[in-house]
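Participant: Take this structure, written in structure tokens, and hold onto it; I'll ask about it next.
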Amino acid sequence: MQYALNKSFTKKKKTKRYDLYAERVKLRGLKRKKTYYVRVRAFKKVGTKEKYTDKWSITKKCKVEIM
């Protein structure tokens, strides 16, 4: 999963890896009243390296209301 403050993911982007069966994810340390853009893609481990198996998903826009 990757999230950033702009739609093109060029400034201050963060990448996080989560368990295969995670349906919901809580992100901590986000700024209040800011809009974040989020996208995901699948990957698998081949030995000790990660191999990306898919393209990035559609980008979703999320606004932080309450913390």
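Residues in the structure tokens are named by chain (A, B, ... in the order shown) and by number from 1 within that chain; ligands are numbered from 1 in the order shown.
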Near stretch 1-17 of chain A, counting only C-alpha atoms, which residues have an atom at most 8 Å away, once you skip same-chain residues fewer than 4 positions from it, shown as a PDB file with all heavy atoms, in the first residue's frame?

Facilitator:
```pdb
ATOM      1  N   LYS A  34      -6.258  17.076   6.097  1.00  0.00           N
ATOM      2  CA  LYS A  34      -5.489  16.944   4.854  1.00  0.00           C
ATOM      3  C   LYS A  34      -6.115  15.847   4.007  1.00  0.00           C
ATOM      4  O   LYS A  34      -6.752  14.921   4.517  1.00  0.00           O
ATOM      5  CB  LYS A  34      -4.034  16.566   5.134  1.00  0.00           C
ATOM      6  CG  LYS A  34      -3.243  17.638   5.818  1.00  0.00           C
ATOM      7  CD  LYS A  34      -2.876  18.724   4.836  1.00  0.00           C
ATOM      8  CE  LYS A  34      -1.996  19.755   5.500  1.00  0.00           C
ATOM      9  NZ  LYS A  34      -1.558  20.758   4.575  1.00  0.00           N
ATOM     10  N   THR A  35      -5.919  15.919   2.714  1.00  0.00           N
ATOM     11  CA  THR A  35      -6.405  14.896   1.801  1.00  0.00           C
ATOM     12  C   THR A  35      -5.230  14.023   1.377  1.00  0.00           C
ATOM     13  O   THR A  35      -4.199  14.530   0.949  1.00  0.00           O
ATOM     14  CB  THR A  35      -7.058  15.537   0.565  1.00  0.00           C
ATOM     15  OG1 THR A  35      -8.144  16.360   1.007  1.00  0.00           O
ATOM     16  CG2 THR A  35      -7.564  14.482  -0.395  1.00  0.00           C
ATOM     17  N   TYR A  36      -5.404  12.716   1.516  1.00  0.00           N
ATOM     18  CA  TYR A  36      -4.384  11.749   1.135  1.00  0.00           C
ATOM     19  C   TYR A  36      -4.886  10.921  -0.032  1.00  0.00           C
ATOM     20  O   TYR A  36      -6.084  10.709  -0.195  1.00  0.00           O
ATOM     21  CB  TYR A  36      -4.052  10.816   2.305  1.00  0.00           C
ATOM     22  CG  TYR A  36      -3.240  11.486   3.381  1.00  0.00           C
ATOM     23  CD1 TYR A  36      -3.839  12.208   4.398  1.00  0.00           C
ATOM     24  CD2 TYR A  36      -1.856  11.400   3.377  1.00  0.00           C
ATOM     25  CE1 TYR A  36      -3.092  12.828   5.375  1.00  0.00           C
ATOM     26  CE2 TYR A  36      -1.097  12.016   4.345  1.00  0.00           C
ATOM     27  CZ  TYR A  36      -1.720  12.730   5.341  1.00  0.00           C
ATOM     28  OH  TYR A  36      -0.966  13.344   6.301  1.00  0.00           O
ATOM     29  N   TYR A  37      -3.955  10.459  -0.838  1.00  0.00           N
ATOM     30  CA  TYR A  37      -4.258   9.588  -1.965  1.00  0.00           C
ATOM     31  C   TYR A  37      -3.644   8.229  -1.675  1.00  0.00           C
ATOM     32  O   TYR A  37      -2.494   8.140  -1.251  1.00  0.00           O
ATOM     33  CB  TYR A  37      -3.709  10.193  -3.259  1.00  0.00           C
ATOM     34  CG  TYR A  37      -4.366  11.511  -3.572  1.00  0.00           C
ATOM     35  CD1 TYR A  37      -3.842  12.715  -3.097  1.00  0.00           C
ATOM     36  CD2 TYR A  37      -5.532  11.549  -4.310  1.00  0.00           C
ATOM     37  CE1 TYR A  37      -4.469  13.921  -3.363  1.00  0.00           C
ATOM     38  CE2 TYR A  37      -6.163  12.754  -4.589  1.00  0.00           C
ATOM     39  CZ  TYR A  37      -5.626  13.930  -4.103  1.00  0.00           C
ATOM     40  OH  TYR A  37      -6.264  15.117  -4.366  1.00  0.00           O
ATOM     41  N   VAL A  38      -4.433   7.174  -1.894  1.00  0.00           N
ATOM     42  CA  VAL A  38      -4.033   5.823  -1.507  1.00  0.00           C
ATOM     43  C   VAL A  38      -4.158   4.885  -2.698  1.00  0.00           C
ATOM     44  O   VAL A  38      -5.117   4.979  -3.470  1.00  0.00           O
ATOM     45  CB  VAL A  38      -4.932   5.297  -0.357  1.00  0.00           C
ATOM     46  CG1 VAL A  38      -4.518   3.912   0.074  1.00  0.00           C
ATOM     47  CG2 VAL A  38      -4.914   6.259   0.816  1.00  0.00           C
ATOM     48  N   ARG A  39      -3.186   3.975  -2.829  1.00  0.00           N
ATOM     49  CA  ARG A  39      -3.253   2.941  -3.868  1.00  0.00           C
ATOM     50  C   ARG A  39      -2.576   1.672  -3.336  1.00  0.00           C
ATOM     51  O   ARG A  39      -1.756   1.724  -2.422  1.00  0.00           O
ATOM     52  CB  ARG A  39      -2.620   3.393  -5.167  1.00  0.00           C
ATOM     53  CG  ARG A  39      -1.145   3.695  -5.073  1.00  0.00           C
ATOM     54  CD  ARG A  39      -0.635   4.266  -6.363  1.00  0.00           C
ATOM     55  NE  ARG A  39       0.806   4.561  -6.276  1.00  0.00           N
ATOM     56  CZ  ARG A  39       1.508   5.067  -7.244  1.00  0.00           C
ATOM     57  NH1 ARG A  39       0.930   5.340  -8.394  1.00  0.00           N
ATOM     58  NH2 ARG A  39       2.799   5.299  -7.095  1.00  0.00           N
ATOM     59  N   VAL A  40      -2.931   0.533  -3.907  1.00  0.00           N
ATOM     60  CA  VAL A  40      -2.381  -0.747  -3.453  1.00  0.00           C
ATOM     61  C   VAL A  40      -1.973  -1.597  -4.660  1.00  0.00           C
ATOM     62  O   VAL A  40      -2.418  -1.356  -5.780  1.00  0.00           O
ATOM     63  CB  VAL A  40      -3.395  -1.546  -2.594  1.00  0.00           C
ATOM     64  CG1 VAL A  40      -3.726  -0.822  -1.324  1.00  0.00           C
ATOM     65  CG2 VAL A  40      -4.646  -1.844  -3.382  1.00  0.00           C
ATOM     66  N   ARG A  41      -1.131  -2.581  -4.394  1.00  0.00           N
ATOM     67  CA  ARG A  41      -0.809  -3.589  -5.405  1.00  0.00           C
ATOM     68  C   ARG A  41      -0.318  -4.851  -4.708  1.00  0.00           C
ATOM     69  O   ARG A  41       0.152  -4.807  -3.577  1.00  0.00           O
ATOM     70  CB  ARG A  41       0.184  -3.099  -6.430  1.00  0.00           C
ATOM     71  CG  ARG A  41       1.607  -2.988  -5.982  1.00  0.00           C
ATOM     72  CD  ARG A  41       2.476  -2.641  -7.175  1.00  0.00           C
ATOM     73  NE  ARG A  41       3.817  -2.280  -6.746  1.00  0.00           N
ATOM     74  CZ  ARG A  41       4.750  -1.860  -7.561  1.00  0.00           C
ATOM     75  NH1 ARG A  41       4.489  -1.733  -8.839  1.00  0.00           N
ATOM     76  NH2 ARG A  41       5.954  -1.567  -7.122  1.00  0.00           N
ATOM     77  N   THR A  59      -6.339   5.003  -7.846  1.00  0.00           N
ATOM     78  CA  THR A  59      -6.036   5.868  -6.710  1.00  0.00           C
ATOM     79  C   THR A  59      -7.326   6.372  -6.088  1.00  0.00           C
ATOM     80  O   THR A  59      -8.219   6.847  -6.785  1.00  0.00           O
ATOM     81  CB  THR A  59      -5.189   7.070  -7.174  1.00  0.00           C
ATOM     82  OG1 THR A  59      -3.996   6.576  -7.774  1.00  0.00           O
ATOM     83  CG2 THR A  59      -4.823   7.964  -6.016  1.00  0.00           C
TER      84      THR A  59
END
```

Participant: Neighbours of A:Lys55 within 10 Å (only C-alpha atoms; same-chain residues fewer than 2 positions away dropped), as a PyMOL selection string?

Facilitator: chain A and resi 40-43+52-53+57-58

Participant: Write a file of the just-selected residues containing C-alpha atoms, as a PDB file, in the first residue's frame.

Facilitator:
```pdb
ATOM      1  CA  VAL A  40      -2.381  -0.747  -3.453  1.00  0.00           C
ATOM      2  CA  ARG A  41      -0.809  -3.589  -5.405  1.00  0.00           C
ATOM      3  CA  ALA A  42      -0.038  -7.241  -4.856  1.00  0.00           C
ATOM      4  CA  PHE A  43       3.406  -8.713  -4.324  1.00  0.00           C
ATOM      5  CA  TYR A  52       5.479  -7.283  -7.727  1.00  0.00           C
ATOM      6  CA  THR A  53       2.816  -9.256  -9.502  1.00  0.00           C
ATOM      7  CA  SER A  57      -4.795  -0.031  -8.242  1.00  0.00           C
ATOM      8  CA  ILE A  58      -7.002   2.955  -8.955  1.00  0.00           C
TER       9      ILE A  58
END
```

Participant: Write down as a list in words the residues belonging to chain A that are assigned strand (DSSP E or B) by DSSP computed on the backbone.

Facilitator: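 Selection result, strand (DSSP E or B) within chain A: Gln2, Tyr3, Ala4, Lys14, Thr15, Thr35, Tyr36, Tyr37, Val38, Arg39, Phe43, Lys44, Lys45, Val46, Lys49, Glu50, Lys51, Tyr52, Lys60, Lys61, Cys62 and Lys63 of chain A.
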
Participant: Residues of the last selection are to be written out with C-alpha atoms, as a PDB file, in the first residue's frame.

Facilitator:
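Okay, result39.pdb is ready:
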```pdb
ATOM      1  CA  GLN A   2       1.213   3.477  -0.770  1.00  0.00           C
ATOM      2  CA  TYR A   3      -0.146   6.861   0.314  1.00  0.00           C
ATOM      3  CA  ALA A   4       0.831  10.464  -0.351  1.00  0.00           C
ATOM      4  CA  LYS A  14       5.032   6.277   2.225  1.00  0.00           C
ATOM      5  CA  THR A  15       4.930   2.594   1.395  1.00  0.00           C
ATOM      6  CA  THR A  35      -6.405  14.896   1.801  1.00  0.00           C
ATOM      7  CA  TYR A  36      -4.384  11.749   1.135  1.00  0.00           C
ATOM      8  CA  TYR A  37      -4.258   9.588  -1.965  1.00  0.00           C
ATOM      9  CA  VAL A  38      -4.033   5.823  -1.507  1.00  0.00           C
ATOM     10  CA  ARG A  39      -3.253   2.941  -3.868  1.00  0.00           C
ATOM     11  CA  PHE A  43       3.406  -8.713  -4.324  1.00  0.00           C
ATOM     12  CA  LYS A  44       4.932 -12.034  -3.360  1.00  0.00           C
ATOM     13  CA  LYS A  45       8.267 -13.086  -1.942  1.00  0.00           C
ATOM     14  CA  VAL A  46      10.612 -15.109  -4.108  1.00  0.00           C
ATOM     15  CA  LYS A  49      13.326 -10.607  -2.675  1.00  0.00           C
ATOM     16  CA  GLU A  50       9.872  -9.179  -3.292  1.00  0.00           C
ATOM     17  CA  LYS A  51       8.362  -9.522  -6.737  1.00  0.00           C
ATOM     18  CA  TYR A  52       5.479  -7.283  -7.727  1.00  0.00           C
ATOM     19  CA  LYS A  60      -8.587   6.721  -4.005  1.00  0.00           C
ATOM     20  CA  LYS A  61      -8.876  10.116  -2.343  1.00  0.00           C
ATOM     21  CA  CYS A  62      -9.327  10.118   1.464  1.00  0.00           C
ATOM     22  CA  LYS A  63      -9.741  13.104   3.765  1.00  0.00           C
TER      23      LYS A  63
END
```

Participant: Quick one, how far is atom CA of A:Gly47 from atom CA of A:Arg24?

Facilitator: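 Here the two named atoms are 27.3 Å from each other.
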